[in-house]
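Working notes, structure below.
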Amino acid sequence: MKRIVLILVALALLALIVADLAQAQTGGSGVIGFNLTNAGRVRIGPFPYSSGTSHVGRTTATAASSKNAVFDYNDDANKTTILAQKITVPGVDDAAKTVADNSYSNKPPKVRVEVTIYTWTNAKFLVYRYRFYNDSSATVPLYLSSTTVPMPSGTYGTETIAYNVAKRTSYFYRTGTAAYISQKLLNKNLFSMRIRDWNAYSTDPASDVTTDSVRYLMSTEPANDTLLTASADGSIFNMNAGLHTLASKDSADLYFGMGVGASVAEALALMDSAQVKYSKILTAVEKTSASVPSQFVLEQNYPNPFNPSTQIRFMLSARSSVTLTVYDALGRNIRTLVNQQLGAGEYASSFDATGLSSGVYYYVLRAGSLVESRRMVLIR
């Protein structure tokens with residue numbers, strides 16, 4: 001009788017797993033394919049995506065608060081009511097998103113992560129965004145990262161992982177195969193790059209068993225690891241964005257590029273292309289202070305005049321729906337830099353004018369009842 005019950009339980013769990021995987025979204029650019037699960041795991045491979053040819057075991061979000069409190073995909077992440085789904089994004093050819101939270105473990109930090117993938121026709125790279133939300137009632141310090149388990153050409157083990165400091169780009173490959181997978185943090189300066197052989201990371205080669213203290217060190221150590229050839233059990237690495245102190249219900253964005261080339265040179269060049277695409281199509285806003293200003297303020301961009309990029313700062317005295325939009329001298333919408341709910345605080349958004357002509361541009365902030373604009377000058 002006990003054996004029958006165990007078999008029934010196993011079958012029920014298998015049915016749940018199969019149903020969950022069936023709701024995952026696949027897509028891509030016609031060259032590179034992706035798989036996004038409900039709980040936020042990203043895999044990439046040739047298009048159309050097939051698990052048998054995936055080059056990435058997983059890329060997932062990590063948020064570390066302390067040695068005993070780390071949000072990790074394996075131990076904490078769980079699907080929410082927002083399952084993996086295709087979405088439409090202006091200027092993007094194929095996109096998908098999902099939202100995961102910590103309800104699998106219900107252990108701190110209380111984090112929710114929106115994962116969005118963007119691809120473009122015939123591009124050998126994609127861009128993915130982690131939007132981290134602090135769902136607790138208190139201000140929480142979080143070290144934010146993307147954690148990647150390499151699987152070049154569909155196999156774990158004996159791969160080489162490297163970090164090009166000048167390009168701020170990681171890449172991995174296995175000698176004898178033609179796939180070189182690159183990855184880069186696009187919207188911030190990289191805080192650190194930490195690489196571990198799997199046997200130094202986990203006590204069990206067949207699973208993700210490790211401690212939050214190991215994950216915390218990988219997220220917070222400031223040094224860069226530049227080269228590792230993995231053992232037969234594989235490897236894992238973190239691209240770290242550093243400390244973000246988020247007030248209750250506030251969020252922070254990390255944008256990463258990931259591509260597949262036929263050589264190291266091509267893999268590195270793909271992340272240059274991803275950086276340009278991000279600058280033209282996708283934008284981010286960074287909270288620079290948790291203090292609450294006394295009023296809404298839109299500051300003059302700096303530098304001004306600029307070439308090709310500048311930073312726009314603004315202050316919010318209360319939580320608001322915010323849009324920050326750039327227009328040319330004829331009033332045409334050039335780019336929307338911010339379009340989201342933001343909590344009270346001080347913010348900065350970068351504007352990259354690569355590809356635009358010299359001239360006068362205007363940026364307009366709409367936040368609550370405030371509508372304010374300023375003039376800036378692009379000089380080539």
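In the structure tokens, the first chain shown is A, the next is B, and so on; residue numbers restart at 1 for each chain, and ligands run from 1 in the order shown.
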
message: Give me, as a VMD selection string, all polymer residues having an atom no more than 9 Å from region 264-276 of chain A, counting only C-alpha atoms and skipping those fewer than 3 positions away in the same chain.
response: chain A and resid 123 to 127 164 167 169 to 173 179 to 187 256 to 261 279 to 281 352 354

Saved selection, atoms kept: C-alpha atoms, as an mmCIF file, in the first residue's frame:
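Below you can see selection-v1.cif, which holds the result:
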```cif
data_model
loop_
_atom_site.group_PDB
_atom_site.id
_atom_site.type_symbol
_atom_site.label_atom_id
_atom_site.label_comp_id
_atom_site.auth_asym_id
_atom_site.auth_seq_id
_atom_site.Cartn_x
_atom_site.Cartn_y
_atom_site.Cartn_z
ATOM 1 C CA ALA A 123 20.754 38.710 -34.561
ATOM 2 C CA LYS A 124 23.103 36.180 -32.961
ATOM 3 C CA PHE A 125 22.458 37.706 -29.544
ATOM 4 C CA LEU A 126 19.544 38.466 -27.255
ATOM 5 C CA VAL A 127 19.009 40.867 -24.364
ATOM 6 C CA ASN A 164 37.721 39.977 -20.880
ATOM 7 C CA LYS A 167 35.342 44.476 -22.902
ATOM 8 C CA THR A 169 32.436 40.570 -21.213
ATOM 9 C CA SER A 170 32.490 36.937 -20.116
ATOM 10 C CA TYR A 171 32.568 34.016 -22.523
ATOM 11 C CA PHE A 172 32.757 30.248 -22.351
ATOM 12 C CA TYR A 173 33.440 27.386 -24.770
ATOM 13 C CA ALA A 179 30.117 27.505 -29.979
ATOM 14 C CA TYR A 180 31.459 30.496 -28.037
ATOM 15 C CA ILE A 181 28.856 31.965 -25.688
ATOM 16 C CA SER A 182 29.313 35.558 -24.469
ATOM 17 C CA GLN A 183 27.547 37.542 -21.758
ATOM 18 C CA LYS A 184 27.688 41.186 -20.640
ATOM 19 C CA LEU A 185 25.985 43.507 -18.146
ATOM 20 C CA LEU A 186 24.700 46.326 -20.363
ATOM 21 C CA ASN A 187 23.222 49.036 -18.147
ATOM 22 C CA PHE A 256 22.316 41.606 -19.876
ATOM 23 C CA GLY A 257 23.318 40.564 -23.375
ATOM 24 C CA MET A 258 24.021 36.964 -24.342
ATOM 25 C CA GLY A 259 25.174 35.702 -27.722
ATOM 26 C CA VAL A 260 26.575 32.677 -29.547
ATOM 27 C CA GLY A 261 29.507 33.124 -31.926
ATOM 28 C CA SER A 279 21.244 51.840 -26.045
ATOM 29 C CA LYS A 280 18.912 52.434 -28.996
ATOM 30 C CA ILE A 281 15.887 50.393 -27.979
ATOM 31 C CA ASP A 352 22.713 57.254 -25.615
ATOM 32 C CA THR A 354 24.435 56.941 -31.022
#
```

message: Taking 4 positions as the minimum chain separation for residues in the same chain, which residues sit within 8 Å of Met376 (chain A) when counting only C-alpha atoms? Answer as a ChimeraX atom specification.
response: /A:301,304-305,360-363

Pull the closest atom pair for each residue of region 33-97 of chain A that gets at most 10 Å from region 242-249 of chain A, along with the distance in Å to one decimal, counting only C-alpha atoms, ordering rows by chain and then ascending residue number, as a tab-separated table.
```
residue	atom	partner	partner_atom	distance
A:Ala63	CA	A:Leu243	CA	9.6
A:Ala64	CA	A:Leu243	CA	9.0
A:Ser65	CA	A:Leu243	CA	9.2
```

Report as an mmCIF file with C-alpha atoms, in the first residue's frame: the residues of region 233-292 of chain A with a DSSP assignment of strand (DSSP E or B), based on the backbone of this structure.
```cif
data_model
loop_
_atom_site.group_PDB
_atom_site.id
_atom_site.type_symbol
_atom_site.label_atom_id
_atom_site.label_comp_id
_atom_site.auth_asym_id
_atom_site.auth_seq_id
_atom_site.Cartn_x
_atom_site.Cartn_y
_atom_site.Cartn_z
ATOM 1 C CA GLY A 234 31.177 21.653 -14.932
ATOM 2 C CA SER A 235 31.143 25.159 -13.521
ATOM 3 C CA ILE A 236 29.038 28.138 -12.478
ATOM 4 C CA PHE A 237 29.674 31.893 -12.529
ATOM 5 C CA ASN A 238 28.153 35.173 -11.382
ATOM 6 C CA MET A 239 28.154 38.489 -13.212
ATOM 7 C CA ASN A 240 27.578 40.869 -10.299
ATOM 8 C CA ALA A 241 26.013 44.340 -10.393
ATOM 9 C CA GLY A 242 26.874 45.207 -6.791
ATOM 10 C CA LEU A 243 24.822 46.602 -3.916
ATOM 11 C CA HIS A 244 21.364 48.086 -4.446
ATOM 12 C CA THR A 245 19.458 49.326 -1.403
ATOM 13 C CA LEU A 246 15.765 49.064 -2.215
ATOM 14 C CA SER A 251 12.657 47.955 -7.998
ATOM 15 C CA ALA A 252 15.999 47.850 -9.818
ATOM 16 C CA ASP A 253 16.746 46.765 -13.389
ATOM 17 C CA LEU A 254 19.658 44.737 -14.748
ATOM 18 C CA TYR A 255 20.013 44.300 -18.511
ATOM 19 C CA PHE A 256 22.316 41.606 -19.876
ATOM 20 C CA GLY A 257 23.318 40.564 -23.375
ATOM 21 C CA MET A 258 24.021 36.964 -24.342
ATOM 22 C CA GLY A 259 25.174 35.702 -27.722
ATOM 23 C CA VAL A 260 26.575 32.677 -29.547
ATOM 24 C CA GLY A 261 29.507 33.124 -31.926
ATOM 25 C CA VAL A 285 16.542 53.948 -14.646
ATOM 26 C CA GLU A 286 18.710 53.638 -11.561
ATOM 27 C CA LYS A 287 17.813 54.749 -8.059
ATOM 28 C CA THR A 288 20.722 56.791 -6.723
ATOM 29 C CA SER A 289 19.392 57.592 -3.244
#
```

Best match for closeness to Leu342 (chain A) among A:Asp250, A:Asp101, A:Asp135, A:Asp204, counting only C-alpha atoms: A:Asp250

field: Neighbour list for Pro48 (chain A) as a list in words, cut-off 10 Å, only C-alpha atoms, skip fewer than 6 positions in-chain
entry: Thr26, Gly27, Gly28, Ser29, Gly30, Val31, Ile32, Gly33, Phe34 and Asn35 of chain A

Close residues, region 311-313 of chain A itself excluded, 7 Å, only C-alpha atoms, min 3 positions apart in chain, as a compact mmCIF listing (two decimals) with C-alpha atoms, in the first residue's frame:
```txt
# COMPACT_ATOMS: atom_id res chain seq x y z
CA LEU A 298 13.87 67.43 -13.08
CA GLU A 299 17.54 68.40 -13.30
CA GLN A 300 19.56 69.56 -16.28
CA ASN A 301 21.26 66.65 -18.04
CA TYR A 302 25.01 66.27 -17.60
CA TYR A 347 16.94 58.62 -9.91
CA ALA A 348 19.27 58.73 -12.90
CA SER A 349 18.61 57.59 -16.46
CA SER A 350 21.16 57.43 -19.28
CA PHE A 351 20.46 58.57 -22.84
```

message: Using DSSP secondary structure from the backbone, list all alpha helix (DSSP H) positions within region 129-209 of chain A, as a count of residues only.
response: 4

message: Could you tell me how far CA of Glu114 (chain A) sits from CA of Arg129 (chain A), in Å to one decimal place?
response: 7.8 Å
